[in-house]
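Participant: The following file, input.cif, comprises mmCIF, C-alpha atoms:
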data_query
loop_
_atom_site.group_PDB
_atom_site.id
_atom_site.type_symbol
_atom_site.label_atom_id
_atom_site.label_comp_id
_atom_site.auth_asym_id
_atom_site.auth_seq_id
_atom_site.Cartn_x
_atom_site.Cartn_y
_atom_site.Cartn_z
ATOM 1 C CA MET R 2 0.000 0.000 0.000
ATOM 2 C CA LEU R 3 2.881 2.366 0.778
ATOM 3 C CA ASP R 4 4.411 1.783 -2.658
ATOM 4 C CA GLU R 5 1.033 2.504 -4.264
ATOM 5 C CA TRP R 6 0.760 5.756 -2.316
ATOM 6 C CA VAL R 7 4.275 6.829 -3.323
ATOM 7 C CA GLU R 8 3.521 6.181 -6.987
ATOM 8 C CA LEU R 9 0.189 7.978 -6.755
ATOM 9 C CA SER R 10 1.833 10.937 -5.044
ATOM 10 C CA LYS R 11 4.505 11.018 -7.734
ATOM 11 C CA THR R 12 1.841 10.999 -10.452
ATOM 12 C CA TYR R 13 -0.008 13.936 -8.912
ATOM 13 C CA SER R 14 3.126 15.994 -8.386
ATOM 14 C CA GLN R 15 4.241 15.572 -12.012
ATOM 15 C CA ALA R 16 0.929 15.894 -13.823
ATOM 16 C CA THR R 17 -0.267 19.179 -15.257
ATOM 17 C CA ASP R 18 -3.866 18.319 -16.127
ATOM 18 C CA TYR R 19 -6.358 16.887 -13.634
ATOM 19 C CA PRO R 20 -9.870 15.541 -13.813
ATOM 20 C CA GLU R 21 -12.014 18.022 -11.913
ATOM 21 C CA HIS R 22 -12.593 15.709 -8.934
ATOM 22 C CA LEU R 23 -8.822 15.256 -8.434
ATOM 23 C CA ALA R 24 -7.811 18.895 -8.798
ATOM 24 C CA PRO R 25 -7.714 19.685 -5.035
ATOM 25 C CA PHE R 26 -5.388 16.787 -4.229
ATOM 26 C CA GLU R 27 -1.619 16.715 -4.169
ATOM 27 C CA ALA R 28 -1.756 13.104 -2.934
ATOM 28 C CA ILE R 29 -4.438 10.673 -1.786
ATOM 29 C CA ASP R 30 -3.929 8.097 0.955
ATOM 30 C CA LEU R 31 -5.525 4.953 -0.459
ATOM 31 C CA ALA R 32 -5.896 3.518 3.056
ATOM 32 C CA ARG R 33 -8.118 6.407 4.230
ATOM 33 C CA PRO R 34 -11.501 6.258 2.435
ATOM 34 C CA LEU R 35 -12.786 9.371 4.213
ATOM 35 C CA SER R 36 -10.091 11.421 2.471
ATOM 36 C CA TRP R 37 -10.997 10.244 -1.030
ATOM 37 C CA PRO R 38 -12.762 12.429 -3.606
ATOM 38 C CA PRO R 39 -16.567 12.102 -3.310
ATOM 39 C CA LEU R 40 -16.683 10.388 -6.708
ATOM 40 C CA TRP R 41 -14.409 7.604 -5.426
ATOM 41 C CA GLN R 42 -16.407 7.293 -2.208
ATOM 42 C CA GLU R 43 -19.670 6.939 -4.082
ATOM 43 C CA ALA R 44 -18.235 4.312 -6.421
ATOM 44 C CA SER R 45 -16.849 2.352 -3.441
ATOM 45 C CA GLY R 46 -19.986 2.557 -1.307
ATOM 46 C CA VAL R 47 -18.308 4.792 1.290
ATOM 47 C CA ASP R 48 -20.794 7.087 3.029
ATOM 48 C CA PRO R 49 -18.998 9.787 5.091
ATOM 49 C CA ALA R 50 -22.234 10.484 6.972
ATOM 50 C CA GLU R 51 -21.912 7.078 8.622
ATOM 51 C CA ALA R 52 -18.559 8.142 10.064
ATOM 52 C CA GLU R 53 -20.018 11.092 11.974
ATOM 53 C CA PRO R 54 -19.589 10.684 15.770
ATOM 54 C CA GLN R 55 -22.741 9.805 17.687
ATOM 55 C CA GLY R 56 -21.422 10.311 21.206
ATOM 56 C CA SER R 57 -20.859 7.781 23.970
ATOM 57 C CA THR R 58 -23.833 6.062 25.577
ATOM 58 C CA THR R 59 -21.964 3.843 28.033
ATOM 59 C CA THR R 60 -18.532 3.174 29.532
ATOM 60 C CA VAL R 61 -16.227 0.217 29.943
ATOM 61 C CA GLU R 62 -16.908 0.309 33.671
ATOM 62 C CA ALA R 63 -20.672 0.120 33.106
ATOM 63 C CA LEU R 64 -20.306 -2.796 30.690
ATOM 64 C CA ARG R 65 -18.124 -4.740 33.099
ATOM 65 C CA ALA R 66 -20.481 -4.023 35.997
ATOM 66 C CA GLY R 67 -23.439 -5.368 34.022
ATOM 67 C CA ARG R 68 -25.240 -2.024 33.907
ATOM 68 C CA ALA R 69 -25.196 -2.218 30.111
ATOM 69 C CA ARG R 70 -24.866 -5.031 27.595
ATOM 70 C CA SER R 71 -24.283 -2.847 24.568
ATOM 71 C CA GLY R 72 -23.759 0.762 23.612
ATOM 72 C CA THR R 73 -21.293 3.260 22.218
ATOM 73 C CA ILE R 74 -17.945 3.773 23.904
ATOM 74 C CA VAL R 75 -15.334 6.444 23.208
ATOM 75 C CA GLY R 76 -11.707 5.758 23.973
ATOM 76 C CA ARG R 77 -8.130 5.380 22.821
ATOM 77 C CA ILE R 78 -6.731 2.282 21.122
ATOM 78 C CA ALA R 79 -4.115 1.239 23.701
ATOM 79 C CA GLY R 80 -3.161 -1.997 21.950
ATOM 80 C CA LEU R 81 -3.811 -3.520 18.554
ATOM 81 C CA SER R 82 -3.238 -6.713 16.616
ATOM 82 C CA GLY R 83 -5.178 -8.515 13.950
ATOM 83 C CA THR R 84 -5.545 -10.376 10.710
ATOM 84 C CA GLY R 85 -7.354 -9.786 7.438
ATOM 85 C CA ALA R 86 -10.551 -10.873 9.177
ATOM 86 C CA GLY R 87 -10.451 -8.150 11.764
ATOM 87 C CA SER R 88 -8.666 -6.445 14.639
ATOM 88 C CA ARG R 89 -8.204 -7.168 18.333
ATOM 89 C CA ALA R 90 -8.219 -3.739 19.936
ATOM 90 C CA VAL R 91 -7.621 -2.841 23.563
ATOM 91 C CA VAL R 92 -9.762 0.242 24.170
ATOM 92 C CA ASP R 93 -9.167 2.522 27.166
ATOM 93 C CA ASP R 94 -11.967 5.000 27.874
ATOM 94 C CA GLY R 95 -10.641 6.277 31.189
ATOM 95 C CA THR R 96 -12.908 4.006 33.260
ATOM 96 C CA GLY R 97 -11.157 0.774 32.258
ATOM 97 C CA GLU R 98 -9.904 -1.296 29.359
ATOM 98 C CA LEU R 99 -12.023 -3.433 27.056
ATOM 99 C CA VAL R 100 -10.691 -5.979 24.579
ATOM 100 C CA VAL R 101 -12.818 -5.617 21.471
ATOM 101 C CA TRP R 102 -12.972 -7.779 18.346
ATOM 102 C CA CYS R 103 -13.647 -5.518 15.368
ATOM 103 C CA PRO R 104 -14.484 -7.475 12.191
ATOM 104 C CA ALA R 105 -13.094 -5.885 9.033
ATOM 105 C CA PRO R 106 -16.602 -5.051 7.663
ATOM 106 C CA ALA R 107 -17.331 -3.059 10.848
ATOM 107 C CA ASP R 108 -14.388 -0.756 10.150
ATOM 108 C CA PRO R 109 -14.878 0.517 6.576
ATOM 109 C CA PHE R 110 -13.235 3.857 7.444
ATOM 110 C CA LYS R 111 -10.045 2.238 8.812
ATOM 111 C CA ALA R 112 -10.641 3.950 12.137
ATOM 112 C CA VAL R 113 -8.997 1.276 14.298
ATOM 113 C CA VAL R 114 -5.460 2.664 14.611
ATOM 114 C CA VAL R 115 -3.212 2.189 17.639
ATOM 115 C CA GLY R 116 -2.870 5.319 19.753
ATOM 116 C CA GLU R 117 -5.854 7.040 18.151
ATOM 117 C CA HIS R 118 -9.234 7.909 19.663
ATOM 118 C CA ILE R 119 -12.255 6.116 18.332
ATOM 119 C CA GLU R 120 -15.980 5.657 18.786
ATOM 120 C CA LEU R 121 -17.188 2.054 18.838
ATOM 121 C CA ASP R 122 -20.648 0.499 18.923
ATOM 122 C CA VAL R 123 -20.137 -2.674 20.937
ATOM 123 C CA LEU R 124 -21.946 -5.754 22.198
ATOM 124 C CA PHE R 125 -20.532 -7.028 25.492
ATOM 125 C CA THR R 126 -19.898 -10.775 25.253
ATOM 126 C CA SER R 127 -17.955 -11.691 28.379
ATOM 127 C CA GLY R 128 -17.724 -10.703 31.999
ATOM 128 C CA ASP R 129 -14.211 -12.108 32.395
ATOM 129 C CA GLU R 130 -11.092 -9.987 32.271
ATOM 130 C CA LYS R 131 -9.282 -10.989 29.093
ATOM 131 C CA ARG R 132 -5.539 -11.195 28.712
ATOM 132 C CA SER R 133 -4.073 -7.762 28.221
ATOM 133 C CA SER R 134 -2.134 -6.212 25.390
ATOM 134 C CA ARG R 135 0.909 -6.256 27.650
ATOM 135 C CA GLU R 136 0.778 -10.060 27.749
ATOM 136 C CA PHE R 137 0.566 -10.007 23.954
ATOM 137 C CA ASP R 138 3.713 -7.848 23.824
ATOM 138 C CA VAL R 139 5.556 -10.204 26.193
ATOM 139 C CA LEU R 140 4.689 -13.221 24.049
ATOM 140 C CA ALA R 141 5.771 -11.417 20.882
ATOM 141 C CA ALA R 142 9.096 -10.573 22.533
ATOM 142 C CA ASP R 143 9.496 -14.191 23.696
ATOM 143 C CA ILE R 144 9.089 -15.399 20.115
ATOM 144 C CA GLY R 145 11.900 -13.141 18.955
ATOM 145 C CA THR R 146 14.165 -14.075 21.877
ATOM 146 C CA SER R 147 13.651 -17.805 21.347
ATOM 147 C CA ALA R 148 14.202 -17.554 17.607
ATOM 148 C CA MET R 149 17.422 -15.562 18.066
ATOM 149 C CA ALA R 150 18.653 -18.178 20.522
ATOM 150 C CA GLY R 151 17.969 -20.956 18.028
ATOM 151 C CA ASP R 152 15.096 -22.385 20.100
ATOM 152 C CA LEU R 153 12.640 -22.804 17.224
ATOM 153 C CA ALA R 154 10.427 -25.204 19.179
ATOM 154 C CA GLY R 155 10.056 -22.608 21.931
ATOM 155 C CA ALA R 156 9.340 -19.859 19.412
ATOM 156 C CA GLN R 157 6.656 -22.006 17.795
ATOM 157 C CA ALA R 158 5.018 -22.685 21.153
ATOM 158 C CA TYR R 159 4.895 -18.976 21.936
ATOM 159 C CA ALA R 160 3.499 -18.281 18.446
ATOM 160 C CA LEU R 161 0.673 -20.772 18.969
ATOM 161 C CA GLU R 162 -0.190 -19.126 22.264
ATOM 162 C CA LEU R 163 -0.042 -15.714 20.618
ATOM 163 C CA ALA R 164 -2.486 -16.845 17.914
ATOM 164 C CA SER R 165 -5.142 -17.420 20.572
ATOM 165 C CA PHE R 166 -5.242 -13.648 21.133
ATOM 166 C CA LEU R 167 -6.581 -13.133 17.617
ATOM 167 C CA GLU R 168 -9.790 -15.118 18.059
ATOM 168 C CA PRO R 169 -13.097 -13.281 18.623
ATOM 169 C CA ALA R 170 -13.770 -15.597 21.574
ATOM 170 C CA ALA R 171 -10.702 -14.191 23.325
ATOM 171 C CA THR R 172 -12.199 -10.712 23.573
ATOM 172 C CA ASP R 173 -14.679 -8.944 25.857
ATOM 173 C CA ALA R 174 -16.882 -7.398 23.211
ATOM 174 C CA LEU R 175 -17.805 -7.376 19.547
ATOM 175 C CA ALA R 176 -17.747 -4.101 17.599
ATOM 176 C CA THR R 177 -20.551 -3.532 15.122
ATOM 177 C CA ALA R 178 -19.331 -0.100 13.935
ATOM 178 C CA ALA R 179 -16.182 1.987 14.269
ATOM 179 C CA ARG R 180 -15.974 5.742 13.715
ATOM 180 C CA PRO R 181 -12.774 7.836 13.710
ATOM 181 C CA LEU R 182 -12.429 10.855 15.975
ATOM 182 C CA GLY R 183 -9.343 12.540 14.578
ATOM 183 C CA ASP R 184 -7.776 13.862 11.406
ATOM 184 C CA VAL R 185 -5.023 11.235 11.473
ATOM 185 C CA THR R 186 -7.480 8.410 10.941
ATOM 186 C CA ARG R 187 -9.654 10.411 8.575
ATOM 187 C CA TRP R 188 -6.975 11.897 6.335
ATOM 188 C CA GLY R 189 -3.763 9.932 6.814
ATOM 189 C CA GLN R 190 -1.240 11.084 4.194
ATOM 190 C CA THR R 191 -3.755 12.725 1.882
ATOM 191 C CA LYS R 192 -2.588 16.228 0.990
ATOM 192 C CA ILE R 193 -4.593 19.139 -0.390
ATOM 193 C CA ARG R 194 -3.013 21.480 -2.927
ATOM 194 C CA GLU R 195 -2.310 25.091 -2.071
ATOM 195 C CA GLY R 196 -5.277 27.237 -2.958
ATOM 196 C CA TYR R 197 -7.805 24.569 -1.944
ATOM 197 C CA ALA R 198 -7.752 25.321 1.784
ATOM 198 C CA ASP R 199 -11.479 24.732 2.180
ATOM 199 C CA SER R 200 -11.524 21.455 0.283
ATOM 200 C CA ARG R 201 -11.158 19.300 3.378
ATOM 201 C CA ARG R 202 -14.274 20.809 4.865
ATOM 202 C CA ASN R 203 -16.181 20.359 1.636
ATOM 203 C CA LEU R 204 -15.024 16.790 1.097
ATOM 204 C CA THR R 205 -15.962 15.464 4.536
#
Kindly transcribe the structure held in the file into structure tokens.

Facilitator:
Amino acid sequence: MLDEWVELSKTYSQATDYPEHLAPFEAIDLARPLSWPPLWQEASGVDPAEAEPQGSTTTVEALRAGRARSGTIVGRIAGLSGTGAGSRAVVDDGTGELVVWCPAPADPFKAVVVGEHIELDVLFTSGDEKRSSREFDVLAADIGTSAMAGDLAGAQAYALELASFLEPAATDALATAARPLGDVTRWGQTKIREGYADSRRNLT
């Protein structure tokens, strides 16, 4: 994806004629659908209105205490791992941490980014504290240490244990929708040309 972005950026910087819908852009981050020209969004089924924040309706603390079984939480992605099927995100909303499985279809705007703030519609699925992102990091480090030491059997054992983190059953909640709350996750490396200062506002 990075190579594609570099080539696309190079194309824009060298071209002299632009289709009207591309004129405001110096470069477009292909991984950030909310930054695309409206024509691209329409063709890809991306509706920016669905990315608008709705506001939190519950907290991690309330979910864990059983005062809510579902709702919208707002927090920061404190840990992240995943596969093509989805992401295992550790979300910290200030009242606690929740391990959330976010299927790829629930994140069409690519809002699940480590360190960024996000709004998630979730269904609570477990009352048990799940293994933390810190345990994930320890296992990942153990794999590298074992491999460097030539202990391939040990590295494989750690890898198998690590894989269990990426199963939906190993999380506290299931996300049904993810919405970004910052420009980093909305715009990424998309750049607007000089003279089109208002284009961001008009394109979102």

Participant: On this structure, the PyMOL selection byres ((chain R and resi 60) around 12) would catch which residues? List them as a ChimeraX atom specification, sorted by chain and number.

Facilitator: /R:56-59,61-76,92-99,120-123,125

Participant: For R:Ala160, which residue among R:Leu35, R:Val139, R:Cys103, R:Val115 is the nearest when counting all atoms listed in the file?

Facilitator: R:Val139

Participant: Taking all atoms listed in the file into account, name the residue in R:Arg77, R:Arg89, R:Lys111, R:Arg180 that is nearest to R:Gln55.

Facilitator: R:Arg180

Participant: Quick one: pull the distance between atom CA of R:Trp41 and atom CA of R:Leu175, Å, one decimal.

Facilitator: 29.3 Å

Participant: Give me the box for stretch 99-103 of chain R as lines of an AutoDock Vina configuration file, namely the centre and edge lengths in Å to one decimal of a box along x, y and z that holds every listed atom plus 3 Å on each side.

Facilitator:
center_x = -12.2
center_y = -5.6
center_z = 21.2
size_x = 9.0
size_y = 10.3
size_z = 17.7

Participant: Atom CA of R:Ile29 to atom CA of R:Gly189: how many Å, to one decimal?

Facilitator: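 These two atoms are separated by 8.7 Å.
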
Participant: Could you tell me which residues the PyMOL selection byres ((chain R and resi 80) around 8) returns for this structure, as number ranges by chain?

Facilitator: R: 78-79, 81-82, 90-92, 115-116, 134

Participant: Once you have the residues from the selection above, write them out as a PDB file, in the coordinates of the input, restricted to C-alpha atoms.

Facilitator:
ATOM      1  CA  ILE R  78      -6.731   2.282  21.122  1.00  0.00           C
ATOM      2  CA  ALA R  79      -4.115   1.239  23.701  1.00  0.00           C
ATOM      3  CA  LEU R  81      -3.811  -3.520  18.554  1.00  0.00           C
ATOM      4  CA  SER R  82      -3.238  -6.713  16.616  1.00  0.00           C
ATOM      5  CA  ALA R  90      -8.219  -3.739  19.936  1.00  0.00           C
ATOM      6  CA  VAL R  91      -7.621  -2.841  23.563  1.00  0.00           C
ATOM      7  CA  VAL R  92      -9.762   0.242  24.170  1.00  0.00           C
ATOM      8  CA  VAL R 115      -3.212   2.189  17.639  1.00  0.00           C
ATOM      9  CA  GLY R 116      -2.870   5.319  19.753  1.00  0.00           C
ATOM     10  CA  SER R 134      -2.134  -6.212  25.390  1.00  0.00           C
TER      11      SER R 134
END

Participant: For atom CA of R:Ala105 and atom CA of R:Thr84, quote the distance in Å rounded to one decimal.

Facilitator: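 That distance, rounded to one decimal, is 8.9 Å.
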
Participant: For R:Ala164, work out the shell of residues within 10 Å, counting only C-alpha atoms and skipping chain neighbours fewer than 5 positions away, then give it as a ChimeraX atom specification.

Facilitator: /R:83,137,159

Participant: Output C-alpha atoms for every residue in that selection, as a PDB file, in the frame of the given file.

Facilitator:
ATOM      1  CA  GLY R  83      -5.178  -8.515  13.950  1.00  0.00           C
ATOM      2  CA  PHE R 137       0.566 -10.007  23.954  1.00  0.00           C
ATOM      3  CA  TYR R 159       4.895 -18.976  21.936  1.00  0.00           C
TER       4      TYR R 159
END

Participant: At a cut-off of 6 Å from (-1.5, 7.3, -0.3) in the coordinates of the file, what residues are picked up using only C-alpha atoms, written as a PDB file with C-alpha atoms, in the frame of the given file?

Facilitator:
ATOM      1  CA  TRP R   6       0.760   5.756  -2.316  1.00  0.00           C
ATOM      2  CA  ILE R  29      -4.438  10.673  -1.786  1.00  0.00           C
ATOM      3  CA  ASP R  30      -3.929   8.097   0.955  1.00  0.00           C
ATOM      4  CA  LEU R  31      -5.525   4.953  -0.459  1.00  0.00           C
ATOM      5  CA  GLN R 190      -1.240  11.084   4.194  1.00  0.00           C
TER       6      GLN R 190
END

Participant: Pick out the residues sitting within 9 Å of R:Glu53, and hand them over as a ChimeraX atom specification; count only C-alpha atoms, and ignore anything fewer than 3 positions along from it in its own chain.

Facilitator: /R:49-50,180-182
